[in-house]
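One file, data_21.pdb, is given below (PDB, C-alpha atoms).
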```pdb
ATOM      1  CA  MET A   1      96.402  70.425  85.200
ATOM      2  CA  GLN A   2      92.642  70.782  84.742
ATOM      3  CA  GLU A   3      89.766  72.018  86.866
ATOM      4  CA  LEU A   4      86.088  72.939  86.483
ATOM      5  CA  PHE A   5      84.791  76.287  87.713
ATOM      6  CA  THR A   6      81.278  77.513  88.387
ATOM      7  CA  ARG A   7      80.108  80.100  85.869
ATOM      8  CA  SER A   8      80.322  83.087  88.193
ATOM      9  CA  LEU A   9      82.699  85.961  88.863
ATOM     10  CA  ASP A  10      82.865  84.619  92.408
ATOM     11  CA  SER A  11      84.981  81.803  90.942
ATOM     12  CA  LEU A  12      87.865  84.186  90.271
ATOM     13  CA  ASP A  13      89.429  83.655  93.704
ATOM     14  CA  GLU A  14      89.414  79.889  93.104
ATOM     15  CA  ILE A  15      90.861  80.390  89.630
ATOM     16  CA  PHE A  16      93.728  82.502  90.966
ATOM     17  CA  ALA A  17      94.380  79.870  93.638
ATOM     18  CA  PHE A  18      94.443  77.254  90.856
ATOM     19  CA  THR A  19      97.037  79.184  88.819
ATOM     20  CA  GLU A  20      99.031  79.800  92.015
ATOM     21  CA  ARG A  21      99.261  76.028  92.514
ATOM     22  CA  PHE A  22     100.199  75.574  88.864
ATOM     23  CA  PHE A  23     103.038  78.103  88.970
ATOM     24  CA  ALA A  24     104.367  76.941  92.336
ATOM     25  CA  GLY A  25     107.813  75.418  91.870
ATOM     26  CA  ARG A  26     108.055  76.378  88.193
ATOM     27  CA  GLU A  27     110.802  78.680  87.019
ATOM     28  CA  ALA A  28     108.627  81.467  85.696
ATOM     29  CA  GLU A  29     108.940  85.143  86.457
ATOM     30  CA  GLU A  30     106.078  86.711  88.359
ATOM     31  CA  ARG A  31     105.109  88.819  85.334
ATOM     32  CA  HIS A  32     104.133  85.646  83.462
ATOM     33  CA  GLN A  33     101.805  84.544  86.237
ATOM     34  CA  TYR A  34     100.273  88.031  86.286
ATOM     35  CA  ALA A  35      99.745  87.832  82.525
ATOM     36  CA  VAL A  36      98.192  84.364  82.635
ATOM     37  CA  ASN A  37      95.867  85.398  85.482
ATOM     38  CA  LEU A  38      94.782  88.518  83.652
ATOM     39  CA  VAL A  39      94.097  86.789  80.334
ATOM     40  CA  ILE A  40      92.179  83.993  82.050
ATOM     41  CA  GLU A  41      90.093  86.533  83.979
ATOM     42  CA  GLU A  42      89.255  88.514  80.852
ATOM     43  CA  LEU A  43      88.217  85.430  78.881
ATOM     44  CA  PHE A  44      86.405  83.748  81.781
ATOM     45  CA  SER A  45      84.467  86.898  82.723
ATOM     46  CA  ASN A  46      83.449  87.285  79.059
ATOM     47  CA  MET A  47      82.014  83.768  79.149
ATOM     48  CA  VAL A  48      80.123  84.582  82.356
ATOM     49  CA  LYS A  49      78.870  87.864  80.924
ATOM     50  CA  TYR A  50      77.803  86.715  77.472
ATOM     51  CA  ASN A  51      76.474  83.284  78.351
ATOM     52  CA  PRO A  52      74.828  83.759  81.749
ATOM     53  CA  THR A  53      71.899  81.398  81.241
ATOM     54  CA  SER A  54      74.047  78.318  80.802
ATOM     55  CA  ALA A  55      74.314  76.250  83.968
ATOM     56  CA  GLY A  56      77.374  74.258  82.994
ATOM     57  CA  PRO A  57      80.819  74.857  84.459
ATOM     58  CA  ILE A  58      83.773  76.318  82.552
ATOM     59  CA  VAL A  59      86.828  74.110  82.190
ATOM     60  CA  LEU A  60      90.329  75.470  82.627
ATOM     61  CA  GLU A  61      93.398  73.524  81.550
ATOM     62  CA  LEU A  62      97.004  74.676  82.054
ATOM     63  CA  GLN A  63     100.134  73.137  80.550
ATOM     64  CA  HIS A  64     103.812  74.033  80.701
ATOM     65  CA  ARG A  65     105.482  72.822  77.541
ATOM     66  CA  ASP A  66     108.352  73.870  75.257
ATOM     67  CA  GLY A  67     109.132  77.002  77.240
ATOM     68  CA  ALA A  68     105.568  78.312  77.196
ATOM     69  CA  ILE A  69     102.405  78.224  79.235
ATOM     70  CA  ARG A  70      99.440  76.940  77.272
ATOM     71  CA  VAL A  71      95.957  77.614  78.584
ATOM     72  CA  ARG A  72      92.704  76.181  77.272
ATOM     73  CA  ILE A  73      89.332  77.493  78.418
ATOM     74  CA  SER A  74      86.275  75.493  77.366
ATOM     75  CA  ASP A  75      82.636  76.465  77.665
ATOM     76  CA  ARG A  76      80.498  73.393  77.067
ATOM     77  CA  GLU A  77      77.165  75.134  76.682
ATOM     78  CA  ALA A  78      77.934  78.183  74.643
ATOM     79  CA  GLU A  79      76.834  80.145  71.625
ATOM     80  CA  PRO A  80      79.711  80.728  69.200
ATOM     81  CA  PHE A  81      81.745  83.845  69.929
ATOM     82  CA  ASP A  82      85.074  84.120  68.146
ATOM     83  CA  VAL A  83      87.242  86.143  70.480
ATOM     84  CA  THR A  84      89.982  86.375  67.847
ATOM     85  CA  ALA A  85      87.594  88.233  65.504
ATOM     86  CA  ALA A  86      86.148  90.628  68.104
ATOM     87  CA  LYS A  87      87.095  94.305  68.102
ATOM     88  CA  ALA A  88      89.522  95.516  70.743
ATOM     89  CA  SER A  89      89.539  98.966  72.297
ATOM     90  CA  ASP A  90      91.770 101.631  70.711
ATOM     91  CA  PRO A  91      94.598 102.374  73.170
ATOM     92  CA  GLU A  92      95.161 105.769  71.530
ATOM     93  CA  ALA A  93      91.557 106.935  71.965
ATOM     94  CA  PRO A  94      91.105 110.072  74.088
ATOM     95  CA  LEU A  95      89.315 109.914  77.432
ATOM     96  CA  GLU A  96      86.036 111.253  75.993
ATOM     97  CA  ARG A  97      85.791 108.304  73.602
ATOM     98  CA  ARG A  98      86.755 105.671  76.149
ATOM     99  CA  GLU A  99      83.857 103.508  77.308
ATOM    100  CA  GLY A 100      85.619 100.437  78.636
ATOM    101  CA  GLY A 101      84.271  98.112  75.915
ATOM    102  CA  GLY A 102      86.921  95.992  74.238
ATOM    103  CA  LEU A 103      89.447  96.882  76.893
ATOM    104  CA  GLY A 104      89.749  93.317  78.153
ATOM    105  CA  LEU A 105      90.328  92.028  74.643
ATOM    106  CA  LEU A 106      93.009  94.663  74.056
ATOM    107  CA  LEU A 107      94.858  93.447  77.160
ATOM    108  CA  VAL A 108      94.451  89.821  76.073
ATOM    109  CA  GLN A 109      96.077  90.634  72.740
ATOM    110  CA  LYS A 110      98.959  92.425  74.467
ATOM    111  CA  TYR A 111      99.701  89.611  76.904
ATOM    112  CA  VAL A 112      99.515  86.474  74.739
ATOM    113  CA  ASP A 113     101.823  85.065  72.086
ATOM    114  CA  SER A 114      99.033  83.160  70.362
ATOM    115  CA  LEU A 115      95.249  83.115  70.609
ATOM    116  CA  GLU A 116      92.981  80.567  68.959
ATOM    117  CA  TYR A 117      89.272  79.939  68.951
ATOM    118  CA  ALA A 118      87.335  76.808  68.060
ATOM    119  CA  TYR A 119      83.645  75.919  68.186
ATOM    120  CA  ARG A 120      82.468  72.375  67.814
ATOM    121  CA  ASP A 121      79.363  70.473  68.975
ATOM    122  CA  GLY A 122      78.287  73.326  71.233
ATOM    123  CA  VAL A 123      81.693  73.639  72.880
ATOM    124  CA  SER A 124      83.484  76.968  72.668
ATOM    125  CA  THR A 125      87.229  76.631  73.235
ATOM    126  CA  ILE A 126      89.801  79.383  73.535
ATOM    127  CA  THR A 127      93.479  78.456  73.624
ATOM    128  CA  PHE A 128      96.289  80.889  74.308
ATOM    129  CA  THR A 129     100.015  80.619  74.881
ATOM    130  CA  ARG A 130     102.428  82.810  76.781
ATOM    131  CA  LYS A 131     106.128  82.238  76.146
ATOM    132  CA  LEU A 132     108.336  82.221  79.218
ATOM    133  CA  GLY A 133     111.617  84.098  79.174
TER     134      GLY A 133
ATOM    135  CA  MET B   1      90.689  89.922  98.610
ATOM    136  CA  PHE B   2      90.343  93.624  97.868
ATOM    137  CA  ASP B   3      90.121  96.591 100.182
ATOM    138  CA  ILE B   4      89.543 100.288  99.614
ATOM    139  CA  GLU B   5      89.496 103.054 102.186
ATOM    140  CA  SER B   6      89.608 106.823 102.421
ATOM    141  CA  ALA B   7      92.574 108.577 104.001
ATOM    142  CA  GLY B   8      90.919 112.004 103.794
ATOM    143  CA  ASP B   9      91.486 115.008 101.491
ATOM    144  CA  GLY B  10      90.514 112.981  98.408
ATOM    145  CA  ARG B  11      93.212 110.395  99.077
ATOM    146  CA  ILE B  12      92.191 106.758  98.726
ATOM    147  CA  ILE B  13      94.116 103.619  99.575
ATOM    148  CA  MET B  14      93.542 100.419  97.608
ATOM    149  CA  SER B  15      94.986  96.998  98.361
ATOM    150  CA  GLY B  16      94.661  93.419  97.152
ATOM    151  CA  ARG B  17      93.183  92.393  93.827
ATOM    152  CA  LEU B  18      90.884  94.682  91.865
ATOM    153  CA  ASP B  19      89.276  92.135  89.530
ATOM    154  CA  ALA B  20      85.852  91.740  87.933
ATOM    155  CA  ALA B  21      84.387  90.329  91.146
ATOM    156  CA  GLN B  22      85.508  93.388  93.147
ATOM    157  CA  ALA B  23      84.825  96.150  90.620
ATOM    158  CA  ALA B  24      81.320  96.932  91.913
ATOM    159  CA  LYS B  25      82.626  97.360  95.469
ATOM    160  CA  ALA B  26      85.351  99.734  94.266
ATOM    161  CA  GLN B  27      82.906 101.709  92.099
ATOM    162  CA  GLU B  28      80.359 102.127  94.900
ATOM    163  CA  PHE B  29      83.071 103.366  97.239
ATOM    164  CA  LEU B  30      84.556 105.851  94.764
ATOM    165  CA  ASP B  31      81.113 107.158  93.781
ATOM    166  CA  GLU B  32      80.625 108.222  97.402
ATOM    167  CA  ILE B  33      83.815 110.319  97.430
ATOM    168  CA  ALA B  34      82.980 113.817  96.166
ATOM    169  CA  SER B  35      86.465 114.740  94.974
ATOM    170  CA  PRO B  36      88.782 111.749  94.687
ATOM    171  CA  ARG B  37      92.264 112.949  93.726
ATOM    172  CA  GLU B  38      94.952 110.445  94.659
ATOM    173  CA  LEU B  39      94.874 106.647  94.669
ATOM    174  CA  ASP B  40      97.603 105.010  96.693
ATOM    175  CA  CYS B  41      98.311 101.670  95.006
ATOM    176  CA  ALA B  42     101.166 100.502  97.255
ATOM    177  CA  GLY B  43      99.148  97.484  98.389
ATOM    178  CA  LEU B  44      97.397  96.860  95.078
ATOM    179  CA  GLU B  45      98.635  93.544  93.691
ATOM    180  CA  TYR B  46      96.532  93.208  90.579
ATOM    181  CA  ILE B  47      94.148  95.060  88.299
ATOM    182  CA  SER B  48      92.250  93.845  85.226
ATOM    183  CA  SER B  49      90.095  95.640  82.649
ATOM    184  CA  ALA B  50      87.189  95.642  85.121
ATOM    185  CA  GLY B  51      89.302  97.656  87.553
ATOM    186  CA  LEU B  52      90.437  99.999  84.785
ATOM    187  CA  GLY B  53      86.769 100.568  83.953
ATOM    188  CA  VAL B  54      86.124 101.700  87.531
ATOM    189  CA  LEU B  55      88.977 104.206  87.381
ATOM    190  CA  LEU B  56      87.857 105.401  83.932
ATOM    191  CA  ARG B  57      84.326 106.167  85.166
ATOM    192  CA  THR B  58      85.730 107.977  88.190
ATOM    193  CA  GLN B  59      88.079 110.029  86.023
ATOM    194  CA  LYS B  60      85.211 111.011  83.727
ATOM    195  CA  ARG B  61      83.124 112.083  86.724
ATOM    196  CA  ILE B  62      85.769 114.433  88.111
ATOM    197  CA  MET B  63      86.669 115.905  84.732
ATOM    198  CA  GLY B  64      83.930 118.476  85.349
ATOM    199  CA  GLN B  65      85.880 119.581  88.409
ATOM    200  CA  GLY B  66      88.884 120.169  86.181
ATOM    201  CA  ALA B  67      90.665 117.399  88.070
ATOM    202  CA  ARG B  68      92.701 114.363  87.128
ATOM    203  CA  LEU B  69      93.241 111.227  89.193
ATOM    204  CA  ARG B  70      96.789 110.642  90.363
ATOM    205  CA  LEU B  71      97.911 107.071  91.008
ATOM    206  CA  VAL B  72     100.899 106.733  93.309
ATOM    207  CA  ASN B  73     103.094 103.810  94.369
ATOM    208  CA  VAL B  74     102.165 101.819  91.268
ATOM    209  CA  SER B  75     104.007  98.515  90.821
ATOM    210  CA  ASN B  76     105.667  97.514  87.547
ATOM    211  CA  HIS B  77     103.018  94.865  86.767
ATOM    212  CA  ILE B  78     100.163  97.300  87.191
ATOM    213  CA  ARG B  79     102.033 100.012  85.323
ATOM    214  CA  ASP B  80     102.302  97.593  82.380
ATOM    215  CA  VAL B  81      98.509  97.152  82.369
ATOM    216  CA  PHE B  82      98.079 100.930  82.185
ATOM    217  CA  ARG B  83     100.665 101.213  79.437
ATOM    218  CA  TYR B  84      99.194  98.424  77.288
ATOM    219  CA  SER B  85      95.700  99.864  77.572
ATOM    220  CA  GLY B  86      96.823 103.418  76.862
ATOM    221  CA  PHE B  87      95.567 104.454  80.300
ATOM    222  CA  ASP B  88      98.986 105.872  81.137
ATOM    223  CA  LYS B  89      97.926 108.846  78.997
ATOM    224  CA  ILE B  90      94.685 109.297  80.920
ATOM    225  CA  PHE B  91      95.972 109.194  84.482
ATOM    226  CA  VAL B  92      98.984 110.671  86.214
ATOM    227  CA  ILE B  93     100.959 107.608  87.329
ATOM    228  CA  GLU B  94     103.834 107.513  89.771
ATOM    229  CA  SER B  95     105.757 104.293  90.277
ATOM    230  CA  THR B  96     106.896 102.739  93.513
ATOM    231  CA  PRO B  97     110.261 104.210  94.610
ATOM    232  CA  ASP B  98     112.168 101.023  93.728
ATOM    233  CA  SER B  99     110.487 100.189  90.411
ATOM    234  CA  GLY B 100     112.230 102.815  88.285
TER     235      GLY B 100
END
```
Encoding of this model in structure tokens:
Amino acid sequence: MQELFTRSLDSLDEIFAFTERFFAGREAEERHQYAVNLVIEELFSNMVKYNPTSAGPIVLELQHRDGAIRVRISDREAEPFDVTAAKASDPEAPLERREGGGLGLLLVQKYVDSLEYAYRDGVSTITFTRKLG
Amino acid sequence: MFDIESAGDGRIIMSGRLDAAQAAKAQEFLDEIASPRELDCAGLEYISSAGLGVLLRTQKRIMGQGARLRLVNVSNHIRDVFRYSGFDKIFVIESTPDSG
């Protein structure tokens, strides 16, 4: 299941409606849908934030295969940004040292079973899986 | 869909989805409350890092008052987000009665 979304945070409602349609009728606990929504939001909003001048849409592709949900997010007009090499927030840091940066990436790492990044011919692609069960 | 309203005495009720598109609305509302103390999350379905950032800034603001935000009626899904981010050590969190 694949769909294109406008590069804007206003697309989040449409994205959540898209994942709702994807999960409808599948035997997956609600916590998996929550996790997939959250990881997609974190990655999508990063693309919006760090590549705001690009006019192209962001492509979202969801698959259910071999007991896992596989999600691919592609940005066709992007500068390279390897999300797997970026620094996540420290969950043990005290309040005074908390700034919010890297928090999304920390959650991504907690909620996925695999996370891959590829950059080729100007296309930035992030793929993650979430095992069901 | 996200909604936030004051119930008086520093008590605030949030409902719907607190995502990156709604974070500014939540922040503007909380910034107007002089002494926010308790966030009722009974109707809150979802929170992402953008929502956590809003709560973090609010917590930092009221630290000078010697206060700490208390989140009540927190669902299991949202409690997991706080636990994974380490935010369960920053806020006082009380679960929904049936979530254990």
* To do: Return the single residue from A:Pro57, A:Pro94, A:Gly122, A:Gly67 that is closest to chain B, with distances computed using only C-alpha atoms.
  =>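 Using only C-alpha atoms, chain B sits closest to A:Pro94.
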* Would you mind reading off the distance between atom CA of Glu29 of chain A and atom CA of Ile15 of chain A, one decimal, in Å? => 19.0 Å
* **Evaluate the PyMOL selection byres ((chain B and resi 49) around 12) and report residues as number ranges by chain** => A: 38-43, 45-46, 88-89, 99-108; B: 18-23, 46-48, 50-56, 78, 81-82, 84-87
* Asked: Pick from B:Ile12, B:Leu71, B:Ala24, B:Ile33: nearest to chain A, with all atoms listed in the file counted?
  -> B:Ala24
Let me know the centre plus edge lengths, in Å and rounded to one decimal, of a box with edges along x, y and z that contains all listed atoms of segment 30-44 of chain B and is padded by 4 Å on every side, as AutoDock Vina command-line options.
```
--center_x 90.9 --center_y 105.8 --center_z 96.1 --size_x 28.5 --size_y 25.9 --size_z 12.7
```
* Could you tell me how far atom CA of Phe23 of chain A lies from atom CA of Ala35 of chain A, in Å and to one decimal? =>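 Answer for the atom CA of Phe23 of chain A to atom CA of Ala35 of chain A separation: 12.1 Å.
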* **Exercise: Thr53 of chain A partners within 10 Å, only C-alpha atoms, chain neighbours under 6 positions left out, as a VMD selection string** => chain A and resid 7 77 to 78
May I have the residues from that selection written out with C-alpha atoms, as a PDB file, keeping the file's coordinate frame?
```pdb
ATOM      1  CA  ARG A   7      80.108  80.100  85.869  1.00  0.00           C
ATOM      2  CA  GLU A  77      77.165  75.134  76.682  1.00  0.00           C
ATOM      3  CA  ALA A  78      77.934  78.183  74.643  1.00  0.00           C
TER       4      ALA A  78
END
```
* Pick out the residues sitting within 10 Å of segment 131-133 of chain A, and hand them over as an NGL selection string; count all atoms listed in the file, and ignore anything fewer than 2 positions along from it in its own chain. => :A and (27-29 or 31-33 or 64-70 or 111-114 or 129)
* To do: Please tell me which residues are no farther than 8 Å from (86.5, 79.7, 73.5) in the file, counting only C-alpha atoms, and write them as number ranges by chain.
  => A: 73-75, 81-83, 116-119, 123-127
* Asked: In Å to one decimal, how far is atom CA of Met14 of chain B from atom CA of Glu45 of chain B?
  ->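 A separation of 9.4 Å between them.
In this comparison, which uses all atoms listed in the file, the residue of B:Met1, B:Ala26, B:Ala67, B:Val74 approaching Asp40 of chain B most closely is B:Val74.
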* To do: Taking the file above as input, evaluate the PyMOL selection byres ((chain B and resi 61) around 12) and report the hits as number ranges by chain.
  => A: 95-96; B: 27, 30-37, 54-60, 62-69
* Taking all atoms listed in the file into account, which of A:Thr84, A:Asn51, A:Thr19, A:Ser8 comes nearest chain B? -> A:Ser8
Generate the coordinates of N, CA and C atoms for segment 36-55 of chain A; report them as a compact mmCIF listing (two decimals), in the frame of the given file.
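And here is the file that came out, out.txt:
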```txt
# COMPACT_ATOMS: atom_id res chain seq x y z
N VAL A 36 99.09 85.51 82.79
CA VAL A 36 98.19 84.36 82.64
C VAL A 36 96.91 84.60 83.44
N ASN A 37 97.05 85.10 84.66
CA ASN A 37 95.87 85.40 85.48
C ASN A 37 94.96 86.41 84.79
N LEU A 38 95.58 87.45 84.26
CA LEU A 38 94.78 88.52 83.65
C LEU A 38 94.04 88.02 82.41
N VAL A 39 94.74 87.27 81.56
CA VAL A 39 94.10 86.79 80.33
C VAL A 39 92.98 85.80 80.68
N ILE A 40 93.23 84.94 81.64
CA ILE A 40 92.18 83.99 82.05
C ILE A 40 90.97 84.77 82.58
N GLU A 41 91.23 85.76 83.43
CA GLU A 41 90.09 86.53 83.98
C GLU A 41 89.28 87.19 82.87
N GLU A 42 89.97 87.81 81.92
CA GLU A 42 89.26 88.51 80.85
C GLU A 42 88.40 87.55 80.03
N LEU A 43 88.95 86.40 79.71
CA LEU A 43 88.22 85.43 78.88
C LEU A 43 87.10 84.76 79.68
N PHE A 44 87.40 84.40 80.92
CA PHE A 44 86.40 83.75 81.78
C PHE A 44 85.24 84.71 82.06
N SER A 45 85.55 85.96 82.39
CA SER A 45 84.47 86.90 82.72
C SER A 45 83.63 87.21 81.49
N ASN A 46 84.23 87.15 80.30
CA ASN A 46 83.45 87.28 79.06
C ASN A 46 82.45 86.14 78.93
N MET A 47 82.90 84.93 79.24
CA MET A 47 82.01 83.77 79.15
C MET A 47 80.86 83.89 80.15
N VAL A 48 81.16 84.39 81.33
CA VAL A 48 80.12 84.58 82.36
C VAL A 48 79.13 85.64 81.89
N LYS A 49 79.69 86.72 81.32
CA LYS A 49 78.87 87.86 80.92
C LYS A 49 77.97 87.56 79.73
N TYR A 50 78.54 86.89 78.72
CA TYR A 50 77.80 86.72 77.47
C TYR A 50 77.05 85.39 77.37
N ASN A 51 77.20 84.55 78.38
CA ASN A 51 76.47 83.28 78.35
C ASN A 51 75.97 82.96 79.75
N PRO A 52 75.19 83.90 80.33
CA PRO A 52 74.83 83.76 81.75
C PRO A 52 73.76 82.70 82.01
N THR A 53 73.01 82.33 80.99
CA THR A 53 71.90 81.40 81.24
C THR A 53 72.36 79.95 81.27
N SER A 54 73.54 79.68 80.77
CA SER A 54 74.05 78.32 80.80
C SER A 54 74.40 77.92 82.23
N ALA A 55 74.07 76.70 82.59
CA ALA A 55 74.31 76.25 83.97
C ALA A 55 75.64 75.50 84.09
```
